[in-house]
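> Following this line is upload14.tsv, made up of TSV, C-alpha atoms and all ligand atoms:
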chain	number	residue	atom	x	y	z
A	1	MET	CA	-23.81	0.88	-1.01
A	2	LYS	CA	-20.42	2.37	-0.13
A	3	ILE	CA	-17.26	0.89	-1.68
A	4	GLY	CA	-13.74	1.95	-0.70
A	5	VAL	CA	-11.07	2.44	-3.36
A	6	LEU	CA	-7.46	2.43	-2.17
A	7	ALA	CA	-6.23	5.78	-3.52
A	8	LEU	CA	-2.56	5.87	-2.53
A	9	GLN	CA	-1.12	5.47	-6.02
A	10	GLY	CA	-1.91	4.06	-9.46
A	11	ALA	CA	-5.14	3.70	-11.43
A	12	PHE	CA	-7.71	4.36	-8.70
A	13	ALA	CA	-9.62	7.21	-10.43
A	14	GLU	CA	-10.87	4.87	-13.16
A	15	HIS	CA	-12.33	2.51	-10.53
A	16	VAL	CA	-14.03	5.45	-8.78
A	17	GLN	CA	-15.49	6.51	-12.14
A	18	MET	CA	-16.71	3.00	-12.92
A	19	LEU	CA	-18.40	2.68	-9.50
A	20	LYS	CA	-20.08	6.07	-9.91
A	21	SER	CA	-21.37	5.10	-13.34
A	22	LEU	CA	-22.97	2.07	-11.68
A	23	GLY	CA	-24.67	4.29	-9.09
A	24	VAL	CA	-22.41	3.23	-6.21
A	25	GLU	CA	-20.81	5.58	-3.68
A	26	ALA	CA	-17.01	5.36	-4.01
A	27	VAL	CA	-14.87	6.43	-1.07
A	28	GLU	CA	-11.19	7.12	-1.72
A	29	ILE	CA	-8.97	5.62	0.98
A	30	ARG	CA	-5.94	7.87	1.39
A	31	GLN	CA	-5.27	7.50	5.09
A	32	ARG	CA	-6.19	5.34	8.06
A	33	ARG	CA	-9.26	7.36	9.01
A	34	ASP	CA	-10.80	6.93	5.55
A	35	PHE	CA	-11.03	3.18	6.09
A	36	VAL	CA	-14.33	2.97	7.92
A	37	PRO	CA	-16.41	-0.08	8.87
A	38	ASP	CA	-19.51	0.81	6.84
A	39	MET	CA	-17.80	-0.03	3.55
A	40	ARG	CA	-19.31	-3.07	1.83
A	41	GLY	CA	-16.18	-3.79	-0.15
A	42	VAL	CA	-12.80	-2.42	-1.16
A	43	ILE	CA	-10.93	-2.12	-4.47
A	44	LEU	CA	-7.14	-2.40	-4.62
A	45	PRO	CA	-6.15	-0.79	-7.95
A	46	GLY	CA	-3.34	-1.33	-10.40
A	47	GLY	CA	-0.14	0.65	-10.14
A	48	GLU	CA	3.06	-0.37	-8.44
A	49	SER	CA	2.63	-3.04	-5.78
A	50	THR	CA	5.96	-2.32	-4.05
A	51	VAL	CA	5.10	1.36	-3.59
A	52	MET	CA	1.53	0.62	-2.51
A	53	GLY	CA	2.77	-1.99	-0.03
A	54	MET	CA	5.21	0.49	1.49
A	55	LEU	CA	2.57	3.21	1.73
A	56	LEU	CA	0.09	0.81	3.37
A	57	HIS	CA	2.64	0.21	6.13
A	58	LYS	CA	3.65	3.84	6.44
A	59	LEU	CA	0.05	5.03	6.78
A	60	GLY	CA	-0.97	2.36	9.30
A	61	LEU	CA	-3.40	0.84	6.81
A	62	PHE	CA	-1.71	-2.51	6.30
A	63	GLU	CA	-2.95	-4.40	9.38
A	64	PRO	CA	-6.50	-2.97	9.43
A	65	LEU	CA	-6.88	-3.84	5.74
A	66	ARG	CA	-5.41	-7.34	6.11
A	67	LYS	CA	-7.63	-8.09	9.11
A	68	ALA	CA	-10.75	-6.85	7.30
A	69	LEU	CA	-10.01	-9.08	4.28
A	70	VAL	CA	-9.36	-12.10	6.51
A	71	ALA	CA	-12.63	-11.34	8.33
A	72	GLY	CA	-14.55	-11.47	5.03
A	73	LEU	CA	-14.70	-7.92	3.62
A	74	PRO	CA	-15.12	-8.31	-0.17
A	75	ALA	CA	-12.05	-7.09	-2.03
A	76	PHE	CA	-11.26	-6.70	-5.74
A	77	GLY	CA	-7.59	-6.41	-6.68
A	78	THR	CA	-6.60	-5.46	-10.22
A	79	CYS	CA	-3.02	-6.12	-11.37
A	80	ALA	CA	-0.85	-4.57	-8.60
A	81	GLY	CA	-3.89	-5.02	-6.32
A	82	LEU	CA	-3.86	-8.74	-7.13
A	83	ILE	CA	-0.12	-8.85	-6.38
A	84	LEU	CA	-0.80	-7.19	-3.00
A	85	MET	CA	-3.33	-9.90	-2.08
A	86	ALA	CA	-1.36	-12.94	-3.35
A	87	LYS	CA	0.38	-15.33	-0.96
A	88	GLU	CA	3.44	-15.76	-3.12
A	89	SER	CA	5.28	-14.43	-6.13
A	90	GLU	CA	7.72	-16.67	-8.02
A	91	ASP	CA	9.83	-13.81	-9.29
A	92	SER	CA	9.75	-11.41	-6.36
A	93	PRO	CA	10.80	-11.90	-2.73
A	94	ARG	CA	8.25	-9.31	-1.58
A	95	ARG	CA	5.12	-10.53	0.12
A	96	HIS	CA	2.29	-8.22	1.11
A	97	LEU	CA	-1.20	-9.01	2.45
A	98	CYS	CA	-0.87	-12.78	1.72
A	99	VAL	CA	-4.63	-13.40	1.88
A	100	LEU	CA	-5.28	-14.94	-1.54
A	101	ASP	CA	-4.06	-18.50	-1.96
A	102	VAL	CA	-2.34	-18.10	-5.32
A	103	THR	CA	1.21	-18.06	-6.62
A	104	LEU	CA	1.91	-15.62	-9.43
A	105	ARG	CA	4.64	-14.30	-11.64
A	106	ARG	CA	4.65	-10.61	-10.92
A	107	HIS	CA	6.36	-9.74	-14.20
A	108	GLY	CA	4.68	-12.59	-16.08
A	109	PHE	CA	3.29	-10.46	-18.88
A	110	GLY	CA	5.71	-7.73	-17.99
A	111	ARG	CA	9.08	-7.34	-19.53
A	112	GLN	CA	8.73	-9.04	-22.91
A	113	ILE	CA	5.19	-8.23	-23.90
A	114	ASN	CA	4.47	-5.15	-21.79
A	115	SER	CA	0.92	-4.10	-22.62
A	116	PHE	CA	-1.66	-5.82	-24.78
A	117	LYS	CA	-5.37	-6.06	-25.26
A	118	THR	CA	-7.38	-9.18	-26.01
A	119	GLU	CA	-10.73	-10.73	-25.22
A	120	GLY	CA	-11.64	-13.71	-23.13
A	121	GLU	CA	-14.37	-15.59	-21.34
A	122	PHE	CA	-14.98	-14.49	-17.75
A	123	ALA	CA	-17.00	-17.10	-15.84
A	124	GLY	CA	-20.61	-16.02	-15.61
A	125	CYS	CA	-20.06	-12.76	-17.53
A	126	GLY	CA	-19.34	-13.97	-21.09
A	127	GLN	CA	-16.72	-12.55	-23.42
A	128	ILE	CA	-15.04	-9.42	-21.99
A	129	PRO	CA	-12.16	-7.15	-23.08
A	130	LEU	CA	-8.89	-7.89	-21.26
A	131	VAL	CA	-6.37	-5.06	-20.97
A	132	PHE	CA	-2.93	-5.95	-19.58
A	133	ILE	CA	-0.34	-3.38	-18.52
A	134	ARG	CA	2.89	-5.04	-17.38
A	135	GLY	CA	0.64	-7.44	-15.55
A	136	PRO	CA	1.25	-10.65	-13.62
A	137	TYR	CA	-0.21	-14.07	-14.35
A	138	ILE	CA	-1.15	-16.77	-11.90
A	139	THR	CA	0.87	-19.99	-11.90
A	140	GLY	CA	-0.77	-21.89	-9.06
A	141	VAL	CA	-4.02	-21.80	-7.11
A	142	GLY	CA	-4.98	-23.32	-3.76
A	143	ALA	CA	-7.93	-25.66	-3.24
A	144	GLY	CA	-10.43	-22.92	-2.40
A	145	VAL	CA	-9.65	-20.78	-5.42
A	146	GLU	CA	-11.93	-20.67	-8.47
A	147	VAL	CA	-10.39	-19.76	-11.83
A	148	LEU	CA	-12.60	-17.19	-13.60
A	149	ALA	CA	-10.58	-16.30	-16.71
A	150	SER	CA	-7.48	-17.21	-18.71
A	151	ALA	CA	-5.51	-15.48	-21.46
A	152	LYS	CA	-2.56	-16.76	-23.49
A	153	ASN	CA	-3.01	-20.07	-21.62
A	154	ARG	CA	-2.41	-18.36	-18.28
A	155	ILE	CA	-4.77	-17.86	-15.37
A	156	VAL	CA	-5.66	-14.16	-15.16
A	157	ALA	CA	-8.72	-13.96	-12.90
A	158	VAL	CA	-9.59	-15.83	-9.70
A	159	ARG	CA	-11.98	-15.78	-6.80
A	160	GLN	CA	-11.51	-17.14	-3.31
A	161	LYS	CA	-14.64	-16.53	-1.21
A	162	ASN	CA	-14.67	-12.73	-0.59
A	163	LEU	CA	-11.56	-12.05	-2.70
A	164	LEU	CA	-11.59	-11.32	-6.44
A	165	GLY	CA	-8.37	-10.77	-8.35
A	166	THR	CA	-7.69	-9.92	-11.99
A	167	ALA	CA	-4.31	-9.54	-13.69
A	168	PHE	CA	-6.02	-7.24	-16.20
A	169	HIS	CA	-7.74	-3.86	-15.91
A	170	PRO	CA	-11.54	-3.89	-16.39
A	171	GLU	CA	-11.65	-0.27	-15.14
A	172	LEU	CA	-9.81	0.84	-18.30
A	173	THR	CA	-12.59	-0.45	-20.56
A	174	PRO	CA	-16.21	0.69	-20.94
A	175	ASP	CA	-17.33	-2.85	-20.00
A	176	SER	CA	-18.66	-2.86	-16.43
A	177	ARG	CA	-19.45	-6.56	-16.04
A	178	VAL	CA	-16.50	-7.47	-13.79
A	179	HIS	CA	-17.32	-4.54	-11.48
A	180	GLU	CA	-20.96	-5.67	-11.45
A	181	TYR	CA	-19.75	-9.18	-10.55
A	182	PHE	CA	-17.80	-7.66	-7.65
A	183	LEU	CA	-20.77	-5.54	-6.52
A	184	ASN	CA	-22.86	-8.73	-6.39
A	185	MET	CA	-20.23	-10.18	-4.05
A	186	CYS	CA	-20.46	-7.01	-1.92
A	187	SER	CA	-24.24	-7.12	-1.68
A	188	GLY	CA	-24.15	-10.78	-0.73
A	189	ALA	CA	-25.85	-11.81	-3.99
A	190	GLY	CA	-22.78	-13.36	-5.62
A	201	LIG	N1	3.94	-5.05	-12.33
A	201	LIG	C1	3.31	-4.09	-11.49
A	201	LIG	C2	3.62	-4.36	-10.02
A	201	LIG	O1	4.44	-5.14	-9.71
A	201	LIG	C3	1.80	-4.10	-11.69
A	201	LIG	C4	1.41	-3.40	-12.97
A	201	LIG	C5	0.01	-2.84	-12.96
A	201	LIG	O2	-0.66	-2.75	-11.92
A	201	LIG	N2	-0.44	-2.39	-14.10
A	201	LIG	O3	3.05	-3.75	-9.15
Please rewrite the model in this file as structure tokens.

Amino acid sequence: MKIGVLALQGAFAEHVQMLKSLGVEAVEIRQRRDFVPDMRGVILPGGESTVMGMLLHKLGLFEPLRKALVAGLPAFGTCAGLILMAKESEDSPRRHLCVLDVTLRRHGFGRQINSFKTEGEFAGCGQIPLVFIRGPYITGVGAGVEVLASAKNRIVAVRQKNLLGTAFHPELTPDSRVHEYFLNMCSGAG
């Protein structure tokens, strides 16, 4: 199974590493021609959503990616990747792919708390480590969105059909269960 990892900026190498450790072929997407139809899913990493959004446009990747997600390609966005997929942000005028029916606070866990680590229940996976780095939290979800995890009384992981989003960074922990959850989505098993 081939999974694309958007590799324009941010924490993509850790996702590539995690996929490799699970025996999956990871393809780094750096330009338009890397985004090929035989991918079974795509990971949008953490980093800086404004920069990644600008680069997606500049490289001609924005529309092909948005269309693929709308057409059902499984996607997993972590932190900035979640921000890229979200329909709306309460504290930022910027909108990006607008495919995931959630409202979030982009700097929700950002300015005051910055980074922290905790643990929490992830639906179907049990108790997992949750690492936040200036992350967002979700303040509202649409009817088709399932809440998968919460932390500090905030929603921090959701799924809407083919789209999985986490405000935290499972790729920065040795725990591979969230990636395995995503790979099940990609193989049609989840
Ligand atoms: N707050 C960052 C943004 O707006 C996301 C931080 C992260 O991905 N660790 O893109």
> Counting all atoms listed in the file, which of A:Gly135, A:Ile43, A:Lys67, A:Gly140 gets nearest to Ser115 in chain A?
A:Gly135
> Let me see if you get this right: every residue at most 9 Å from ligand LIG 201 (chain A), counting all atoms listed in the file, written as a compact mmCIF listing (two decimals) with C-alpha atoms, in the coordinates of the input.

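Below is the file result.txt, written as the result:
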# COMPACT_ATOMS: atom_id res chain seq x y z
CA GLY A 10 -1.91 4.06 -9.46
CA ALA A 11 -5.14 3.70 -11.43
CA PRO A 45 -6.15 -0.79 -7.95
CA GLY A 46 -3.34 -1.33 -10.40
CA GLY A 47 -0.14 0.65 -10.14
CA GLU A 48 3.06 -0.37 -8.44
CA SER A 49 2.63 -3.04 -5.78
CA THR A 50 5.96 -2.32 -4.05
CA VAL A 51 5.10 1.36 -3.59
CA MET A 52 1.53 0.62 -2.51
CA THR A 78 -6.60 -5.46 -10.22
CA CYS A 79 -3.02 -6.12 -11.37
CA ALA A 80 -0.85 -4.57 -8.60
CA GLY A 81 -3.89 -5.02 -6.32
CA LEU A 82 -3.86 -8.74 -7.13
CA ILE A 83 -0.12 -8.85 -6.38
CA LEU A 84 -0.80 -7.19 -3.00
CA SER A 92 9.75 -11.41 -6.36
CA ARG A 106 4.65 -10.61 -10.92
CA HIS A 107 6.36 -9.74 -14.20
CA GLY A 108 4.68 -12.59 -16.08
CA PHE A 109 3.29 -10.46 -18.88
CA GLY A 110 5.71 -7.73 -17.99
CA SER A 115 0.92 -4.10 -22.62
CA PHE A 132 -2.93 -5.95 -19.58
CA ILE A 133 -0.34 -3.38 -18.52
CA ARG A 134 2.89 -5.04 -17.38
CA GLY A 135 0.64 -7.44 -15.55
CA PRO A 136 1.25 -10.65 -13.62
CA ALA A 167 -4.31 -9.54 -13.69
CA PHE A 168 -6.02 -7.24 -16.20
CA HIS A 169 -7.74 -3.86 -15.91
> What are the nearest atom pairs, with distances in Å to one decimal, for all residues of range 2-120 of chain A that come at most 10 Å from range 179-187 of chain A, using all atoms listed in the file, set out by chain and rising residue number as CSV?

residue,atom,partner,partner_atom,distance
A:Lys2,CA,A:Cys186,CA,9.5
A:Ile3,CA,A:Cys186,CA,8.5
A:His15,CA,A:His179,CA,8.7
A:Met18,CA,A:His179,CA,7.7
A:Leu19,CA,A:His179,CA,7.6
A:Leu22,CA,A:Glu180,CA,8.0
A:Val24,CA,A:Leu183,CA,8.9
A:Met39,CA,A:Cys186,CA,9.3
A:Arg40,CA,A:Cys186,CA,5.6
A:Gly41,CA,A:Cys186,CA,5.6
A:Val42,CA,A:Cys186,CA,9.0
A:Ile43,CA,A:Phe182,CA,9.4
A:Leu73,CA,A:Cys186,CA,8.0
A:Pro74,CA,A:Cys186,CA,5.8
A:Ala75,CA,A:Phe182,CA,8.1
A:Phe76,CA,A:Phe182,CA,6.9
> Rank nothing, just name the residue among A:Glu146, A:Glu171, A:Glu25, A:Glu14 nearest to Val102 in chain A, using only C-alpha atoms.
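Between A:Glu146, A:Glu171, A:Glu25, A:Glu14, the residue approaching Val102 in chain A most closely is A:Glu146.
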> Which of these, A:Leu163, A:Val178, A:Arg154, A:Ser89, has the shortest distance to Ala123 in chain A once you count all atoms listed in the file?
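Result for the nearest residue to Ala123 in chain A: A:Val178.
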> Need to verify the contact set: Leu61 in chain A, 12 Å, all atoms listed in the file, exclusion of same-chain residues closer than 2 positions in sequence. Can you return it as a list in words?
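The residues that qualify are Leu6, Ala7, Leu8, Ile29, Arg30, Gln31, Arg32, Arg33, Asp34, Phe35, Val36, Met52, Gly53, Met54, Leu55, Leu56, His57, Lys58, Leu59, Glu63, Pro64, Leu65, Arg66, Lys67, Ala68 and Leu97 of chain A.
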> For each of A:Thr166, A:Ile138, A:Leu148, A:Ala71, take the minimum atom-to-atom distance to Glu90 in chain A, counting all atoms listed in the file, then give the residue where this is smallest.
A:Ile138
> Would you work out the distance separating CA of Val158 in chain A from CA of Met85 in chain A, expressed in Å to one decimal?
11.5 Å
> What is the CA of Ala26 in chain A to CA of Gly72 in chain A distance in Å?
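Rounded to one decimal, the two atoms are 19.3 Å apart.
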> Kindly give the distance, in Å, that separates CA of Phe116 in chain A and CA of Pro129 in chain A, rounded to a single decimal.
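Interatomic distance here is 10.7 Å.
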> Do a neighbour search on Leu130 in chain A at 10 Å with all atoms listed in the file, toss out local chain neighbours closer than 5 positions, and write the hits as a list in words.
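Listing them by chain and then by number gives Phe116, Lys117, Thr118, Glu119, Gly120, Glu121, Phe122, Ala149, Ser150, Ala151, Val156, Thr166, Ala167, Phe168, His169, Pro170, Leu172, Thr173 and Asp175 of chain A.
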> List every protein, DNA or RNA residue that has an atom no more than 8 Å from (-2.9, -20.9, 0.7) in the file's coordinate frame, counting all atoms listed in the file, and report them as a list in words.
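Residues satisfying the cut-off, written out: Lys87, Val99, Leu100, Asp101, Val102, Val141, Gly142 and Ala143 of chain A.
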> Using only C-alpha atoms, can you tell me which of A:Pro37, A:Gly124, A:Gly77, A:Gly60 comes closest to Gly165 in chain A?
A:Gly77
> Looking at A:Arg177, A:Arg159, A:Arg105, A:Arg94, which one is nearest to Gly144 in chain A, with distances taken over all atoms listed in the file?
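Comparing A:Arg177, A:Arg159, A:Arg105, A:Arg94 against Gly144 in chain A, the winner is A:Arg159.
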> Would you mind listing what lies within 7 Å of Glu88 in chain A as a short mmCIF file (atom, residue, chain, number, x, y, z; two decimals) with C-alpha atoms, in the frame of the given file, with all atoms listed in the file counted and same-chain residues fewer than 4 positions away left out?

data_model
loop_
_atom_site.label_atom_id
_atom_site.label_comp_id
_atom_site.auth_asym_id
_atom_site.auth_seq_id
_atom_site.Cartn_x
_atom_site.Cartn_y
_atom_site.Cartn_z
CA ARG A 95 5.12 -10.53 0.12
CA VAL A 102 -2.34 -18.10 -5.32
CA THR A 103 1.21 -18.06 -6.62
CA LEU A 104 1.91 -15.62 -9.43
#
> Would you pull range 44-83 of chain A out of the block just shown and save N, CA and C atoms as an mmCIF file, in the first residue's frame?

data_model
loop_
_atom_site.group_PDB
_atom_site.id
_atom_site.type_symbol
_atom_site.label_atom_id
_atom_site.label_comp_id
_atom_site.auth_asym_id
_atom_site.auth_seq_id
_atom_site.Cartn_x
_atom_site.Cartn_y
_atom_site.Cartn_z
ATOM 1 N N LEU A 44 -1.415 14.856 5.899
ATOM 2 C CA LEU A 44 -1.095 16.293 5.924
ATOM 3 C C LEU A 44 -0.492 16.560 7.299
ATOM 4 N N PRO A 45 0.803 16.848 7.382
ATOM 5 C CA PRO A 45 1.493 16.887 8.676
ATOM 6 C C PRO A 45 1.272 18.185 9.452
ATOM 7 N N GLY A 46 1.856 18.213 10.636
ATOM 8 C CA GLY A 46 1.885 19.440 11.422
ATOM 9 C C GLY A 46 2.968 20.364 10.895
ATOM 10 N N GLY A 47 2.906 21.609 11.320
ATOM 11 C CA GLY A 47 3.870 22.602 10.860
ATOM 12 C C GLY A 47 3.221 23.965 10.965
ATOM 13 N N GLU A 48 3.165 24.645 9.871
ATOM 14 C CA GLU A 48 2.565 25.987 9.849
ATOM 15 C C GLU A 48 1.539 26.021 8.716
ATOM 16 N N SER A 49 0.265 26.059 9.102
ATOM 17 C CA SER A 49 -0.799 25.901 8.104
ATOM 18 C C SER A 49 -0.796 27.030 7.071
ATOM 19 N N THR A 50 -0.457 28.249 7.494
ATOM 20 C CA THR A 50 -0.450 29.373 6.542
ATOM 21 C C THR A 50 0.592 29.140 5.452
ATOM 22 N N VAL A 51 1.776 28.718 5.867
ATOM 23 C CA VAL A 51 2.867 28.469 4.910
ATOM 24 C C VAL A 51 2.501 27.296 3.996
ATOM 25 N N MET A 52 1.996 26.227 4.602
ATOM 26 C CA MET A 52 1.634 25.050 3.788
ATOM 27 C C MET A 52 0.531 25.394 2.798
ATOM 28 N N GLY A 53 -0.441 26.189 3.236
ATOM 29 C CA GLY A 53 -1.528 26.605 2.340
ATOM 30 C C GLY A 53 -0.984 27.393 1.157
ATOM 31 N N MET A 54 -0.074 28.318 1.446
ATOM 32 C CA MET A 54 0.510 29.128 0.370
ATOM 33 C C MET A 54 1.291 28.260 -0.603
ATOM 34 N N LEU A 55 2.080 27.327 -0.069
ATOM 35 C CA LEU A 55 2.882 26.451 -0.931
ATOM 36 C C LEU A 55 1.993 25.542 -1.776
ATOM 37 N N LEU A 56 0.883 25.069 -1.202
ATOM 38 C CA LEU A 56 -0.035 24.224 -1.979
ATOM 39 C C LEU A 56 -0.518 24.963 -3.219
ATOM 40 N N HIS A 57 -0.852 26.249 -3.034
ATOM 41 C CA HIS A 57 -1.301 27.053 -4.180
ATOM 42 C C HIS A 57 -0.164 27.266 -5.173
ATOM 43 N N LYS A 58 0.975 27.656 -4.642
ATOM 44 C CA LYS A 58 2.117 27.997 -5.491
ATOM 45 C C LYS A 58 2.559 26.810 -6.354
ATOM 46 N N LEU A 59 2.459 25.609 -5.795
ATOM 47 C CA LEU A 59 2.944 24.421 -6.505
ATOM 48 C C LEU A 59 1.864 23.742 -7.351
ATOM 49 N N GLY A 60 0.675 24.336 -7.380
ATOM 50 C CA GLY A 60 -0.414 23.741 -8.169
ATOM 51 C C GLY A 60 -0.975 22.477 -7.554
ATOM 52 N N LEU A 61 -0.773 22.316 -6.240
ATOM 53 C CA LEU A 61 -1.248 21.103 -5.565
ATOM 54 C C LEU A 61 -2.599 21.294 -4.898
ATOM 55 N N PHE A 62 -2.993 22.548 -4.706
ATOM 56 C CA PHE A 62 -4.187 22.818 -3.902
ATOM 57 C C PHE A 62 -5.441 22.170 -4.500
ATOM 58 N N GLU A 63 -5.739 22.471 -5.752
ATOM 59 C CA GLU A 63 -6.978 21.958 -6.360
ATOM 60 C C GLU A 63 -6.964 20.441 -6.533
ATOM 61 N N PRO A 64 -5.850 19.847 -7.058
ATOM 62 C CA PRO A 64 -5.835 18.389 -7.164
ATOM 63 C C PRO A 64 -6.051 17.701 -5.803
ATOM 64 N N LEU A 65 -5.428 18.250 -4.762
ATOM 65 C CA LEU A 65 -5.573 17.657 -3.434
ATOM 66 C C LEU A 65 -7.012 17.803 -2.939
ATOM 67 N N ARG A 66 -7.563 19.007 -3.050
ATOM 68 C CA ARG A 66 -8.934 19.249 -2.577
ATOM 69 C C ARG A 66 -9.917 18.330 -3.304
ATOM 70 N N LYS A 67 -9.762 18.228 -4.613
ATOM 71 C CA LYS A 67 -10.674 17.376 -5.398
ATOM 72 C C LYS A 67 -10.561 15.911 -4.975
ATOM 73 N N ALA A 68 -9.328 15.447 -4.738
ATOM 74 C CA ALA A 68 -9.125 14.051 -4.337
ATOM 75 C C ALA A 68 -9.792 13.783 -2.982
ATOM 76 N N LEU A 69 -9.692 14.732 -2.058
ATOM 77 C CA LEU A 69 -10.298 14.534 -0.730
ATOM 78 C C LEU A 69 -11.822 14.534 -0.836
ATOM 79 N N VAL A 70 -12.347 15.433 -1.661
ATOM 80 C CA VAL A 70 -13.811 15.486 -1.862
ATOM 81 C C VAL A 70 -14.283 14.185 -2.522
ATOM 82 N N ALA A 71 -13.452 13.634 -3.412
ATOM 83 C CA ALA A 71 -13.825 12.405 -4.116
ATOM 84 C C ALA A 71 -13.669 11.156 -3.255
ATOM 85 N N GLY A 72 -13.096 11.298 -2.035
ATOM 86 C CA GLY A 72 -13.057 10.164 -1.114
ATOM 87 C C GLY A 72 -11.682 9.624 -0.774
ATOM 88 N N LEU A 73 -10.604 10.247 -1.260
ATOM 89 C CA LEU A 73 -9.264 9.775 -0.882
ATOM 90 C C LEU A 73 -9.086 9.917 0.638
ATOM 91 N N PRO A 74 -8.720 8.846 1.346
ATOM 92 C CA PRO A 74 -8.513 8.975 2.788
ATOM 93 C C PRO A 74 -7.383 9.954 3.101
ATOM 94 N N ALA A 75 -7.627 10.825 4.070
ATOM 95 C CA ALA A 75 -6.620 11.804 4.460
ATOM 96 C C ALA A 75 -6.555 11.883 5.978
ATOM 97 N N PHE A 76 -5.334 12.072 6.483
ATOM 98 C CA PHE A 76 -5.089 12.193 7.927
ATOM 99 C C PHE A 76 -4.320 13.491 8.139
ATOM 100 N N GLY A 77 -4.961 14.459 8.776
ATOM 101 C CA GLY A 77 -4.317 15.738 9.058
ATOM 102 C C GLY A 77 -3.973 15.831 10.528
ATOM 103 N N THR A 78 -2.694 16.125 10.831
ATOM 104 C CA THR A 78 -2.291 16.335 12.222
ATOM 105 C C THR A 78 -1.996 17.824 12.422
ATOM 106 N N CYS A 79 -2.639 18.409 13.411
ATOM 107 C CA CYS A 79 -2.368 19.784 13.832
ATOM 108 C C CYS A 79 -2.533 20.765 12.661
ATOM 109 N N ALA A 80 -1.454 21.287 12.076
ATOM 110 C CA ALA A 80 -1.608 22.192 10.935
ATOM 111 C C ALA A 80 -2.366 21.498 9.795
ATOM 112 N N GLY A 81 -2.174 20.189 9.658
ATOM 113 C CA GLY A 81 -2.896 19.417 8.631
ATOM 114 C C GLY A 81 -4.394 19.419 8.880
ATOM 115 N N LEU A 82 -4.776 19.350 10.167
ATOM 116 C CA LEU A 82 -6.190 19.458 10.536
ATOM 117 C C LEU A 82 -6.712 20.860 10.200
ATOM 118 N N ILE A 83 -5.912 21.868 10.500
ATOM 119 C CA ILE A 83 -6.305 23.262 10.197
ATOM 120 C C ILE A 83 -6.517 23.427 8.684
#
